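Novice: My structure is in my_file_38.cif, and what it holds is mmCIF, C-alpha atoms:
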data_my_file
#
loop_
_atom_site.label_atom_id
_atom_site.label_comp_id
_atom_site.auth_asym_id
_atom_site.auth_seq_id
_atom_site.Cartn_x
_atom_site.Cartn_y
_atom_site.Cartn_z
CA MET A 1 -25.73 -8.37 -7.82
CA LYS A 2 -25.61 -6.31 -4.64
CA ASN A 3 -22.49 -4.27 -3.91
CA ILE A 4 -21.59 -6.32 -0.81
CA THR A 5 -21.81 -9.54 -2.86
CA LYS A 6 -19.54 -8.04 -5.51
CA ARG A 7 -17.03 -7.03 -2.85
CA ILE A 8 -16.97 -10.51 -1.33
CA CYS A 9 -16.56 -12.23 -4.72
CA SER A 10 -13.81 -9.81 -5.80
CA ALA A 11 -12.02 -10.20 -2.47
CA ALA A 12 -12.18 -14.01 -2.75
CA VAL A 13 -10.60 -13.95 -6.21
CA LEU A 14 -7.85 -11.57 -5.10
CA ILE A 15 -7.09 -13.70 -2.02
CA LEU A 16 -6.71 -16.78 -4.22
CA ILE A 17 -4.30 -14.85 -6.46
CA LEU A 18 -2.32 -13.74 -3.40
CA ILE A 19 -2.10 -17.31 -2.11
CA TYR A 20 -0.88 -18.48 -5.51
CA LEU A 21 1.79 -15.78 -5.67
CA THR A 22 3.10 -16.41 -2.17
CA GLN A 23 3.54 -20.15 -2.57
CA ASP A 24 7.16 -21.26 -2.85
CA SER A 25 6.21 -23.63 -5.67
CA THR A 26 4.88 -20.83 -7.87
CA ALA A 27 7.18 -20.22 -10.85
CA ASN A 28 9.07 -16.92 -10.83
CA LEU A 29 7.88 -16.20 -14.37
CA ALA A 30 4.26 -16.22 -13.20
CA LYS A 31 5.15 -13.88 -10.34
CA ILE A 32 6.97 -11.53 -12.74
CA VAL A 33 4.00 -11.43 -15.11
CA VAL A 34 1.49 -10.71 -12.33
CA ALA A 35 3.73 -8.10 -10.66
CA THR A 36 4.30 -6.38 -14.02
CA LEU A 37 0.60 -6.31 -14.91
CA LEU A 38 -0.31 -5.01 -11.46
CA SER A 39 2.34 -2.28 -11.73
CA LEU A 40 1.10 -1.17 -15.15
CA ILE A 41 -2.51 -1.07 -13.97
CA ILE A 42 -1.66 0.99 -10.89
CA VAL A 43 0.41 3.44 -12.97
CA TRP A 44 -2.52 3.80 -15.40
CA GLU A 45 -4.97 4.34 -12.53
CA TYR A 46 -2.71 6.93 -10.94
CA SER A 47 -2.41 8.79 -14.24
CA ARG A 48 -6.21 9.26 -14.13
CA LEU A 49 -5.70 11.50 -11.08
CA PHE A 50 -4.12 14.22 -13.26
CA LYS A 51 -6.33 16.96 -14.61
CA SER A 52 -4.09 17.48 -17.66
CA ARG A 53 -3.87 14.82 -20.40
CA ILE A 54 -0.29 15.92 -21.05
CA TYR A 55 0.67 15.04 -17.48
CA GLN A 56 -1.19 11.75 -17.79
CA ALA A 57 0.79 10.69 -20.87
CA LEU A 58 4.11 12.04 -19.56
CA PHE A 59 3.72 10.25 -16.23
CA GLN A 60 3.08 6.88 -17.89
CA ILE A 61 5.90 7.20 -20.44
CA LEU A 62 8.55 8.31 -17.92
CA PHE A 63 7.47 5.76 -15.34
CA VAL A 64 7.80 2.85 -17.75
CA SER A 65 11.17 4.24 -18.85
CA PHE A 66 12.41 4.35 -15.25
CA VAL A 67 11.26 0.79 -14.57
CA LEU A 68 12.89 -0.55 -17.75
CA SER A 69 16.19 1.13 -16.89
CA ALA A 70 16.18 -0.08 -13.25
CA PRO A 71 18.08 -3.36 -13.94
CA TYR A 72 21.01 -1.32 -15.30
CA LEU A 73 21.07 0.82 -12.15
CA THR A 74 21.02 -1.98 -9.58
CA GLY A 75 24.55 -1.30 -8.32
CA ILE A 76 23.89 2.40 -7.83
CA LEU A 77 20.56 1.76 -6.13
CA GLU A 78 22.13 -0.69 -3.67
CA LYS A 79 24.87 1.77 -2.71
CA THR A 80 22.43 4.62 -2.21
CA SER A 81 19.54 2.61 -0.67
CA ASN A 82 19.84 4.37 2.71
CA TYR A 83 19.51 7.76 1.04
CA PHE A 84 16.50 6.60 -0.96
CA PHE A 85 14.90 5.28 2.22
CA GLY A 86 15.46 8.64 3.89
CA LEU A 87 13.92 10.37 0.88
CA LEU A 88 10.93 8.03 1.04
CA VAL A 89 10.38 8.73 4.73
CA PHE A 90 10.68 12.47 4.07
CA ALA A 91 8.17 12.17 1.21
CA TRP A 92 5.59 10.54 3.48
CA VAL A 93 6.16 13.22 6.12
CA VAL A 94 5.42 15.87 3.47
CA ILE A 95 2.41 13.87 2.29
CA LEU A 96 1.13 13.68 5.88
CA PHE A 97 1.45 17.46 6.15
CA ARG A 98 -0.54 17.92 2.93
CA VAL A 99 -3.18 15.52 4.17
CA LEU A 100 -3.55 17.33 7.50
CA THR A 101 -3.72 20.77 5.85
CA TYR A 102 -5.96 19.88 2.89
CA LYS A 103 -8.99 22.16 2.69
CA LYS A 104 -10.00 22.33 -0.96
CA LYS A 105 -9.16 21.01 -4.41
CA ASN A 106 -5.92 22.97 -4.67
CA ILE A 107 -3.22 20.40 -5.49
CA ASP A 108 -1.83 21.03 -8.95
CA ASP A 109 -0.70 18.35 -11.38
CA PHE A 110 2.99 19.02 -10.79
CA LEU A 111 2.72 17.99 -7.12
CA VAL A 112 0.58 14.98 -8.05
CA PHE A 113 3.34 14.07 -10.54
CA ILE A 114 6.12 14.31 -7.93
CA PHE A 115 4.12 12.47 -5.28
CA GLY A 116 3.37 9.74 -7.81
CA TYR A 117 7.03 9.01 -8.43
CA LEU A 118 7.98 9.19 -4.75
CA THR A 119 5.30 6.67 -3.80
CA LEU A 120 4.83 4.36 -6.80
CA LEU A 121 8.43 3.81 -7.88
CA PRO A 122 9.42 2.39 -4.45
CA PHE A 123 6.23 0.32 -4.41
CA VAL A 124 6.87 -1.22 -7.82
CA GLY A 125 10.46 -1.96 -6.87
CA SER A 126 9.49 -3.60 -3.58
CA LEU A 127 6.66 -5.50 -5.24
CA PHE A 128 9.19 -7.63 -7.06
CA THR A 129 10.61 -8.83 -3.73
CA ILE A 130 7.81 -11.43 -3.85
CA LEU A 131 10.01 -13.27 -6.34
CA ILE A 132 12.31 -14.30 -3.48
CA TYR A 133 10.57 -13.28 -0.26
CA PRO A 134 6.76 -13.59 -0.69
CA GLY A 135 6.29 -13.32 3.08
CA ILE A 136 6.83 -9.56 2.96
CA LEU A 137 3.88 -8.99 0.63
CA LEU A 138 1.72 -11.53 2.43
CA TYR A 139 2.33 -9.99 5.86
CA VAL A 140 1.72 -6.45 4.60
CA VAL A 141 -1.52 -7.29 2.76
CA ILE A 142 -2.94 -9.25 5.70
CA THR A 143 -1.95 -6.63 8.28
CA VAL A 144 -3.22 -3.68 6.21
CA SER A 145 -6.51 -5.54 5.63
CA ILE A 146 -6.86 -6.10 9.38
CA ALA A 147 -6.13 -2.41 10.00
CA ASP A 148 -8.81 -1.35 7.50
CA SER A 149 -11.38 -3.83 8.79
CA SER A 150 -10.83 -3.07 12.47
CA ALA A 151 -11.01 0.69 11.84
CA TYR A 152 -14.27 0.20 9.94
CA LEU A 153 -15.85 -2.08 12.54
CA VAL A 154 -14.82 -0.01 15.56
CA GLY A 155 -15.81 3.20 13.79
CA ARG A 156 -19.20 1.78 12.87
CA LYS A 157 -19.79 0.59 16.43
CA VAL A 158 -18.61 3.53 18.53
CA GLY A 159 -17.29 6.11 16.05
CA LYS A 160 -18.63 9.63 16.54
CA THR A 161 -15.78 12.01 15.64
CA ALA A 162 -14.69 12.33 12.01
CA LEU A 163 -10.94 11.89 11.52
CA LEU A 164 -10.51 14.17 8.49
CA PRO A 165 -13.95 15.08 7.12
CA ASN A 166 -12.51 17.14 4.25
CA ILE A 167 -10.88 14.04 2.81
CA SER A 168 -12.67 10.92 4.07
CA PRO A 169 -15.85 11.65 6.04
CA GLY A 170 -16.41 7.98 6.81
CA LYS A 171 -13.27 7.56 8.90
CA THR A 172 -13.47 8.27 12.61
CA ILE A 173 -10.93 8.98 15.33
CA GLU A 174 -12.40 6.14 17.40
CA GLY A 175 -11.97 3.71 14.50
CA PHE A 176 -8.39 4.87 13.96
CA VAL A 177 -7.47 4.42 17.64
CA GLY A 178 -9.19 1.04 17.73
CA SER A 179 -7.19 -0.08 14.71
CA LEU A 180 -3.93 1.06 16.34
CA ILE A 181 -4.74 -1.21 19.29
CA ILE A 182 -6.22 -4.24 17.53
CA THR A 183 -3.89 -4.57 14.53
CA PRO A 184 -0.58 -4.91 16.43
CA ILE A 185 -2.08 -7.66 18.60
CA ILE A 186 -3.39 -9.65 15.63
CA SER A 187 -0.14 -8.97 13.78
CA SER A 188 1.78 -10.68 16.59
CA LEU A 189 -0.65 -13.61 16.53
CA ILE A 190 -0.08 -14.04 12.78
CA VAL A 191 3.66 -14.16 13.36
CA TYR A 192 3.16 -16.75 16.11
CA LEU A 193 0.98 -18.83 13.78
CA PHE A 194 3.62 -18.95 11.03
CA TYR A 195 6.85 -18.62 13.01
CA GLY A 196 5.96 -20.60 16.12
CA GLU A 197 7.31 -18.01 18.55
CA VAL A 198 6.05 -14.79 20.06
CA VAL A 199 8.00 -11.85 18.65
CA ILE A 200 7.22 -8.78 20.77
CA GLY A 201 8.77 -6.48 18.17
CA PHE A 202 5.84 -7.17 15.88
CA LEU A 203 3.59 -5.23 18.24
CA PHE A 204 5.56 -2.14 17.23
CA ILE A 205 5.70 -3.21 13.57
CA GLY A 206 1.93 -3.74 13.56
CA PHE A 207 1.48 -0.26 15.02
CA PHE A 208 3.84 1.17 12.36
CA VAL A 209 2.03 -0.65 9.53
CA THR A 210 -1.35 0.61 10.75
CA LEU A 211 -0.21 4.21 10.98
CA ILE A 212 1.45 4.28 7.54
CA SER A 213 -1.44 2.45 5.88
CA VAL A 214 -3.91 5.05 7.17
CA ILE A 215 -1.72 7.85 5.79
CA GLY A 216 -1.59 6.06 2.43
CA ASP A 217 -5.35 5.57 2.43
CA LEU A 218 -5.97 9.25 3.21
CA PHE A 219 -3.39 10.38 0.65
CA PHE A 220 -5.04 8.57 -2.25
CA SER A 221 -8.47 9.65 -1.03
CA LEU A 222 -7.18 13.22 -1.11
CA LEU A 223 -5.99 12.86 -4.71
CA LYS A 224 -9.31 11.36 -5.79
CA ARG A 225 -11.21 14.15 -4.08
CA ASN A 226 -8.85 16.66 -5.70
CA LYS A 227 -9.80 15.21 -9.11
CA ASN A 228 -13.46 14.88 -8.05
CA ILE A 229 -13.67 11.12 -8.68
CA LYS A 230 -14.83 8.40 -6.30
CA ASP A 231 -12.66 5.47 -7.42
CA SER A 232 -9.33 5.12 -9.19
CA SER A 233 -11.06 2.90 -11.78
CA ASN A 234 -13.85 0.31 -12.00
CA LEU A 235 -11.71 -2.75 -12.66
CA ILE A 236 -12.63 -4.51 -9.40
CA PRO A 237 -16.41 -4.90 -8.93
CA GLY A 238 -17.53 -3.54 -5.57
CA HIS A 239 -14.10 -2.10 -4.72
CA GLY A 240 -13.26 0.32 -7.53
CA GLY A 241 -9.67 0.05 -8.70
CA PHE A 242 -6.45 -1.55 -7.56
CA ILE A 243 -5.29 1.70 -5.93
CA ASP A 244 -8.54 1.79 -3.94
CA LEU A 245 -7.85 -1.75 -2.76
CA LEU A 246 -4.09 -1.42 -2.19
CA ASP A 247 -3.67 2.20 -1.08
CA GLY A 248 -2.35 1.22 2.36
CA THR A 249 -0.16 -1.53 0.91
CA ILE A 250 1.38 0.92 -1.57
CA ALA A 251 2.48 3.07 1.36
CA VAL A 252 3.67 0.28 3.66
CA LEU A 253 5.36 -2.27 1.39
CA PRO A 254 8.46 -0.22 0.37
CA LEU A 255 9.19 0.80 3.95
CA LEU A 256 8.83 -2.71 5.32
CA ALA A 257 10.79 -4.22 2.41
CA PHE A 258 13.72 -1.93 3.25
CA LEU A 259 13.58 -2.84 6.94
CA PHE A 260 13.43 -6.50 5.93
CA PHE A 261 16.96 -6.26 4.56
CA LYS A 262 18.25 -4.13 7.44
CA VAL A 263 16.72 -5.79 10.53
CA SER A 264 17.81 -9.40 11.02
CA TYR A 265 14.95 -10.70 13.19
CA LEU A 266 12.41 -9.11 10.84
CA SER A 267 13.92 -10.90 7.86
CA MET A 268 14.05 -14.22 9.75
CA VAL A 269 10.35 -14.06 10.62
CA LEU A 270 8.98 -12.79 7.32
CA SER A 271 11.06 -15.28 5.35
CA VAL A 272 9.02 -18.18 6.72
CA ILE A 273 5.58 -16.60 6.22
CA SER A 274 3.91 -18.23 3.20
CA PHE A 275 1.05 -20.55 2.32
#
Translate this structure into structure tokens?
Specialist:
Amino acid sequence: MKNITKRICSAAVLILILIYLTQDSTANLAKIVVATLLSLIIVWEYSRLFKSRIYQALFQILFVSFVLSAPYLTGILEKTSNYFFGLLVFAWVVILFRVLTYKKKNIDDFLVFIFGYLTLLPFVGSLFTILIYPGILLYVVITVSIADSSAYLVGRKVGKTALLPNISPGKTIEGFVGSLIITPIISSLIVYLFYGEVVIGFLFIGFFVTLISVIGDLFFSLLKRNKNIKDSSNLIPGHGGFIDLLDGTIAVLPLLAFLFFKVSYLSMVLSVISF
């Protein structure tokens, strides 16, 4: 089976799973099971990015311990959510700096460990918002996919200048700019399709999602290049691993989930997005 055929078949299966999870009629238990399995797989894939087996084991053990203890810390997390959001934003600013200054395989396991917790813990936490508000996940996955596809198509058509050749030689500045223009427009059209009204603010949200998803994509590409591996795993034929498929979503979902609870019109719109 050719690689493109594998990619199409894998994408079709994953889309069907996404539709199932975002239906209001889907039982919460099924959503919990899928979200838990996805979280465990992503944590395992991320642990493969460490050069030391000790770090690999320690990362997995501590991560699972944090997740299991989260229900007992709900009150504290709610009171300090603004601080955690600020920390998350700061973390992605630092990650962006590392991405822009990356020149060789010089990121040690300690930094990979810290970055892993700052990015994956918020993602796992926000992933479980699909239990009540599946529209958040659905909007993010669709918008990030559009951003990736438009960047690829524009880059293939007119791309000439590499964006960051040390990390991802295939990405171009032209593709990136094209994605920043196309994705917000389609994002607004998606909102109109589900919500029935034009919400101008989603032009800015689409721009924001595109920008953050590209940073997430480049960040995980950097870590794979640092470990000298092509894919996070080979669990998805034609795609690699779940991190390879969801790198932009991992970056965007926690940030948008937080804004969902803080911005009223955002919550009103995303609440009605579902199949």
Novice: Give me, as a ChimeraX atom specification, all polymer residues having an atom no more than 6 Å from stretch 213-227 of chain A, counting all atoms listed in the file and skipping those fewer than 3 positions away in the same chain.
Specialist: /A:49,105,167,209-210,247-248,251-252
Novice: For atom CA of A:Thr22 and atom CA of A:Phe194, determine how far apart the two atoms are, in Å to one decimal place.
Specialist: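 Result for atom CA of A:Thr22 versus atom CA of A:Phe194: 13.5 Å, one decimal.
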Novice: Just the residues within 10 Å of stretch 87-96 of chain A, please, counting all atoms listed in the file, with nothing from its chain fewer than 4 positions along; format it as a list in words.
Specialist: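 Using all atoms listed in the file, the neighbours found are Ser81, Asn82, Tyr83, Leu100, Thr101, Tyr102, Ile114, Phe115, Leu118, Thr119, Pro122, Ile212, Ile215, Gly216, Leu218, Phe219, Ala251, Pro254 and Leu255 of chain A.
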Novice: Between A:Val124, A:Leu14, A:Val177, A:Ile142, which is the closest to A:Gly155 once you count only C-alpha atoms?
Specialist: A:Val177
Novice: Just want the 12 Å neighbourhood of A:Leu235, counted on all atoms listed in the file, with same-chain residues fewer than 3 positions away dropped. Output as a list in words.
Specialist: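 Counting all atoms listed in the file, the residues come to Lys6, Arg7, Ser10, Leu38, Ile41, Ile42, Trp44, Glu45, Asp231, Ser232, Gly238, His239, Gly240, Gly241, Phe242, Ile243, Asp244 and Leu245 of chain A.
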Novice: May I have the residues within 7 Å of A:Val43 as an NGL selection string, using all atoms listed in the file and disregarding those fewer than 4 positions away in the same chain?
Specialist: :A and (39 or 47 or 60)
Novice: With 10 Å as the threshold, what does the neighbourhood of (7.7, -7.3, -4.7) contain in terms of residues, counting all atoms listed in the file? Coordinates are those of the file; answer as a ChimeraX atom specification.
Specialist: /A:31-32,35-36,122-137,253-254,257
Novice: I need the residue nearest A:Arg156 from this list: A:Thr172, A:Thr26, A:Asn228, A:Thr183. Use only C-alpha atoms for the distance.
Specialist: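 Using only C-alpha atoms, A:Arg156 sits closest to A:Thr172.
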Novice: Between atom CA of A:Leu203 and atom CA of A:Ser267, what is the distance in Å, rounded to a tenth?
Specialist: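 Those two atoms sit 15.7 Å apart.
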Novice: What is the distance between atom CA of A:Phe207 and atom CA of A:Gln23, in Å to one decimal?
Specialist: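 Atom CA of A:Gln23 lies 26.6 Å from atom CA of A:Phe207.
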Novice: Could you list, as a PyMOL selection string, every residue within 12 Å of A:Leu153, counting all atoms listed in the file and ignoring same-chain residues fewer than 2 positions away?
Specialist: chain A and resi 146-151+155-159+170-172+174-179+182
